[in-house]
Amino acid sequence: MSEFEKYYPKISNLSTKLLDNPELGFKEYQTSKLIEDEIKSISPSIKVEHYLGTGLKVIFDNHKPKTIGIIAEMDALYQPKHFKANPETGAAHACGHYTQVGIALAMINEIVKAERLKEFGTNLAFIFTPAEEFVDLDWRQEQKAKHKLDYFGGKQEAIKQGLFDHINYCVSVHAIGEEFKQRTVEINCDLAGFNFKYFDFYGEASHAAFAPESGVNAQSIATLFTTALALQRQQIKNPNRIRFNPVVIGENTESINVIPDHVKMGSDLRFFDIKYVQSLMKKFDQAAQGCASALGGKAKITTQVGYLPLHSNREMNALVKDTFLQEDRIPGLIENRGYTMAAGDIGDVGFIMPTIQIGYGGWTGTIHGSDFKLIDPEFVLKIFPEFVFNSTPNISNHLEKIDEYHHTKREYLKALKKMEG
């Protein structure tokens with residue numbers, strides 16, 4: 001019996017504990033403790049590095065010049081209707097991150113118990129990262145105002161702290177939000193980047209029946225702005241690779257008999273071309289200011305930097321495919337989707353170094369929805385971890401096939417600065 005088979009009952013039980021105790025990003029305290037306790041259970045001699053309060057990093061030094069990072073995301077998202085949601089916080093593992101933790105721990109167990117580190121042509125760094133989900137924004141804005149955060153993504157903050165400085169390649173995994181008839185993995189799928197913009201439209205309140213002419217209707221400005229964005233879609237280059245969704249934010253506290261003097265809107269802006277999206281953001285700002293001016297009001301615009309797009313490294317994916325072709329327990333492979341408009345801060349890691357994200361099935365329901373559920377735990381927590389494990393030495397022993405690059409932390413932070421507009 002392999003170590004993956006022996007470990008499966010234990011990691012299945014731990015994954016259930018994580019599912020039952022979801023925590024939002026930067027607050028994964030129970031999750032972090034469960035992970036560290038399990039690492040120490042595998043081997044008390046393993047050194048665990050802490051960062052960002054809840055993040056964990058474990059390095060296996062193989063005395064090699066290069067290092068591959070294995071990333072596992074820890075956080076839940078806000079989905080209070082999920083059947084496993086925390087009733088107090090609304091947090092729920094509706095994205096499957098808890099299984100990423102299980103996959104990484106199964107790989108650590110294999111390295112230690114089966115003594116397989118020598119098979120790798122690199123060192124290995126297992127990085128358990130907080131706060132991938134772009135949620136709990138009011139709290140994160142408060143932390144930013146207190147200078148405790150600069151960015152809302154855990155990997156972004158980790159990069160800023162230098163956690164990835166000595167890593168050369170990264171491998172991540174993620175649940176696929178589809179149900180398949182057969183066990184399936186996915187490679188070669190790029191992820192969009194995104195920014196988030198806030199638009200505060202200010203008018204002037206007045207009695208809506210007695211003297212509407214004395215007011216400036218902020219709701220009308222917001223409506224005109226929404227129309228302007230809709231008309232701009234006609235002029236977008238490669239519209240299938242750009243998405244935005246303007247919505248009104250917050251509660252309407254105005255009386256029915258008062259001309260509203262403030263409406264807050266927000267919109268994400270999803271993209272693949274970093275330079276093009278900067279010009280598009282300027283058009284958004286011009287539209288907001290123009291619509292406000294046209295109706296006698298004012299606009300205040302705030303940009304919150306989101307995540308950079310992931311251009312999944314094709315050479316690393318090709319080596320993963322080589323492993324897949326030798327794996328008879330996984331019949332399904334998706335390799336031609338090309339891209340999805342979903343986003344993640346793994347794209348920020350991919351900006352710095354060659355990075356891939358391997359997708360895995362085994363789920364039912366809608367990802368991020370109230371019904372998202374693991375239905376093939378044996379595949380996700382036993383077979384797939386072994387597949388990722390076997391893919392990693394294949395990558396580490398064929399680095400000459402990979403077009404290596406490295407952007408410094410300074411270059412990365414400069415790129416994010418440009419995204420602020």
# chains A, B, ... in the order shown; residues from 1 in each chain; ligands from 1

call {"tool": "select_by_dssp", "arguments": {"residues": "region 167-308 of chain A", "states": "strand (DSSP E or B)", "output": "PyMOL selection string"}}
result
chain A and resi 169-175+184-186+190-202+204+207+216+243-244+247-248+258+262-271+298-307

call {"tool": "residues_around", "arguments": {"residues": "region 383-400 of chain A", "least_positions_apart": "3", "cutoff": "8 Å", "atoms": "only C-alpha atoms", "output": "list in words"}}
result
Phe4, Ile68, Ile103, Ala104, Ala106, Met107, Glu119, Phe120, Gly121, Thr122, Val171, Met316, Leu319, Val320, Thr323, Phe324, Glu327, Arg329, Tyr360, Glu378, Phe379, Val380 and Asp403 of chain A

call {"tool": "residues_around", "arguments": {"residues": "Tyr202 (chain A)", "least_positions_apart": "3", "cutoff": "6 Å", "atoms": "only C-alpha atoms", "output": "list in words"}}
result
Ala218, Asp261, His262, Gly297 and Lys298 of chain A

call {"tool": "write_last_selection", "arguments": {"atoms": "N, CA and C atoms", "output": "PDB file, in the first residue's frame"}}
result
ATOM      1  N   ALA A 218     -28.540  62.312  -7.692  1.00  0.00           N
ATOM      2  CA  ALA A 218     -27.372  61.436  -7.803  1.00  0.00           C
ATOM      3  C   ALA A 218     -27.730  60.109  -8.463  1.00  0.00           C
ATOM      4  N   ASP A 261     -29.008  62.569  -2.885  1.00  0.00           N
ATOM      5  CA  ASP A 261     -27.804  63.373  -3.107  1.00  0.00           C
ATOM      6  C   ASP A 261     -26.518  62.556  -3.108  1.00  0.00           C
ATOM      7  N   HIS A 262     -26.604  61.223  -2.917  1.00  0.00           N
ATOM      8  CA  HIS A 262     -25.395  60.397  -2.959  1.00  0.00           C
ATOM      9  C   HIS A 262     -25.759  58.979  -3.372  1.00  0.00           C
ATOM     10  N   GLY A 297     -23.695  67.504 -11.014  1.00  0.00           N
ATOM     11  CA  GLY A 297     -23.187  66.894  -9.788  1.00  0.00           C
ATOM     12  C   GLY A 297     -21.680  66.722  -9.820  1.00  0.00           C
ATOM     13  N   LYS A 298     -21.177  65.899  -8.903  1.00  0.00           N
ATOM     14  CA  LYS A 298     -19.748  65.629  -8.814  1.00  0.00           C
ATOM     15  C   LYS A 298     -19.526  64.130  -8.673  1.00  0.00           C
TER      16      LYS A 298
END

call {"tool": "closest_residue", "arguments": {"among": "A:Asp348, A:Glu115, A:Glu335, A:Asp376", "to": "Val305 (chain A)", "atoms": "only C-alpha atoms"}}
result
A:Asp348

call {"tool": "residues_around", "arguments": {"residues": "Phe284 (chain A)", "least_positions_apart": "3", "cutoff": "10 Å", "atoms": "only C-alpha atoms", "output": "number ranges by chain"}}
result
A: 197, 199, 225, 228-229, 232, 267, 269, 279-281, 287-290, 301

call {"tool": "closest_atom_pairs", "arguments": {"of": "region 5-30 of chain A", "to": "region 132-153 of chain A", "cutoff": "10 Å", "atoms": "only C-alpha atoms", "output": "Markdown table"}}
result
| residue | atom | partner | partner_atom | distance |
| --- | --- | --- | --- | --- |
| A:Leu24 | CA | A:Asp136 | CA | 7.5 |
| A:Gly25 | CA | A:Glu132 | CA | 6.9 |
| A:Phe26 | CA | A:Arg140 | CA | 9.1 |

call {"tool": "residues_around", "arguments": {"residues": "Ala318 (chain A)", "least_positions_apart": "5", "cutoff": "9 Å", "atoms": "only C-alpha atoms", "output": "list in words"}}
result
Ile187, Asn188, Asn313 and Thr323 of chain A

call {"tool": "closest_residue", "arguments": {"among": "A:Arg183, A:Lys57, A:Lys81, A:Arg116", "to": "Glu36 (chain A)", "atoms": "only C-alpha atoms"}}
result
A:Lys57

call {"tool": "select_by_dssp", "arguments": {"residues": "region 69-161 of chain A", "states": "helix (DSSP H, G or I)", "output": "PyMOL selection string"}}
result
chain A and resi 97-113+117-119+137-145+154-160

call {"tool": "write_last_selection", "arguments": {"atoms": "C-alpha atoms", "output": "PDB file, in the first residue's frame"}}
result
ATOM      1  CA  HIS A  97      -9.709  25.539  -0.924  1.00  0.00           C
ATOM      2  CA  TYR A  98      -9.832  23.139   1.995  1.00  0.00           C
ATOM      3  CA  THR A  99      -8.974  20.315  -0.402  1.00  0.00           C
ATOM      4  CA  GLN A 100      -5.926  22.235  -1.631  1.00  0.00           C
ATOM      5  CA  VAL A 101      -4.673  22.058   1.947  1.00  0.00           C
ATOM      6  CA  GLY A 102      -5.311  18.308   2.006  1.00  0.00           C
ATOM      7  CA  ILE A 103      -3.492  17.817  -1.302  1.00  0.00           C
ATOM      8  CA  ALA A 104      -0.411  19.721  -0.089  1.00  0.00           C
ATOM      9  CA  LEU A 105      -0.323  17.837   3.223  1.00  0.00           C
ATOM     10  CA  ALA A 106      -0.573  14.501   1.394  1.00  0.00           C
ATOM     11  CA  MET A 107       2.457  15.522  -0.675  1.00  0.00           C
ATOM     12  CA  ILE A 108       4.423  16.524   2.434  1.00  0.00           C
ATOM     13  CA  ASN A 109       3.542  13.190   4.037  1.00  0.00           C
ATOM     14  CA  GLU A 110       4.782  11.357   0.934  1.00  0.00           C
ATOM     15  CA  ILE A 111       8.091  13.230   0.917  1.00  0.00           C
ATOM     16  CA  VAL A 112       8.729  12.422   4.574  1.00  0.00           C
ATOM     17  CA  LYS A 113       7.276   8.935   5.010  1.00  0.00           C
ATOM     18  CA  LEU A 117      12.878  14.184  -1.754  1.00  0.00           C
ATOM     19  CA  LYS A 118      15.883  12.821  -3.617  1.00  0.00           C
ATOM     20  CA  GLU A 119      13.709  12.307  -6.724  1.00  0.00           C
ATOM     21  CA  LEU A 137     -13.792  44.262   1.715  1.00  0.00           C
ATOM     22  CA  ASP A 138     -14.936  46.685   4.411  1.00  0.00           C
ATOM     23  CA  TRP A 139     -12.655  44.996   6.958  1.00  0.00           C
ATOM     24  CA  ARG A 140      -9.732  44.925   4.525  1.00  0.00           C
ATOM     25  CA  GLN A 141     -10.257  48.602   3.729  1.00  0.00           C
ATOM     26  CA  GLU A 142     -10.077  49.316   7.461  1.00  0.00           C
ATOM     27  CA  GLN A 143      -6.828  47.347   7.677  1.00  0.00           C
ATOM     28  CA  LYS A 144      -5.472  49.295   4.725  1.00  0.00           C
ATOM     29  CA  ALA A 145      -6.407  52.588   6.386  1.00  0.00           C
ATOM     30  CA  GLY A 154      -2.697  37.083   0.476  1.00  0.00           C
ATOM     31  CA  LYS A 155      -0.157  36.241  -2.214  1.00  0.00           C
ATOM     32  CA  GLN A 156       0.206  39.943  -3.022  1.00  0.00           C
ATOM     33  CA  GLU A 157       1.068  40.733   0.588  1.00  0.00           C
ATOM     34  CA  ALA A 158       3.358  37.690   0.732  1.00  0.00           C
ATOM     35  CA  ILE A 159       5.223  38.851  -2.383  1.00  0.00           C
ATOM     36  CA  LYS A 160       5.589  42.308  -0.827  1.00  0.00           C
TER      37      LYS A 160
END

call {"tool": "atom_distance", "arguments": {"atom1": "CA of Thr302 (chain A)", "atom2": "CA of Lys409 (chain A)"}}
result
24.7 Å

call {"tool": "residues_around", "arguments": {"residues": "Asp165 (chain A)", "least_positions_apart": "6", "cutoff": "12 Å", "atoms": "only C-alpha atoms", "output": "PyMOL selection string"}}
result
chain A and resi 66-69+125+158-159+349+352-353+406-410+412

call {"tool": "closest_residue", "arguments": {"among": "A:Ala192, A:Ala208, A:Leu34, A:Ile39", "to": "Asn13 (chain A)", "atoms": "only C-alpha atoms"}}
result
A:Leu34

call {"tool": "atom_distance", "arguments": {"atom1": "CA of Thr227 (chain A)", "atom2": "CA of Tyr339 (chain A)"}}
result
28.4 Å

call {"tool": "residues_around", "arguments": {"residues": "Val173 (chain A)", "least_positions_apart": "5", "cutoff": "6 Å", "atoms": "only C-alpha atoms", "output": "PyMOL selection string"}}
result
chain A and resi 357-359

call {"tool": "atom_distance", "arguments": {"atom1": "CA of Ile256 (chain A)", "atom2": "CA of Phe201 (chain A)"}}
result
18.5 Å

call {"tool": "closest_residue", "arguments": {"among": "A:Gly296, A:Gly361, A:Ile259, A:Ile59", "to": "Ile167 (chain A)", "atoms": "only C-alpha atoms"}}
result
A:Ile59

call {"tool": "closest_residue", "arguments": {"among": "A:Lys6, A:Lys321, A:Lys84, A:Lys282", "to": "Lys418 (chain A)", "atoms": "only C-alpha atoms"}}
result
A:Lys282

call {"tool": "closest_residue", "arguments": {"among": "A:Pro130, A:Pro309, A:Gly162, A:Pro377", "to": "Thr364 (chain A)", "atoms": "only C-alpha atoms"}}
result
A:Pro377
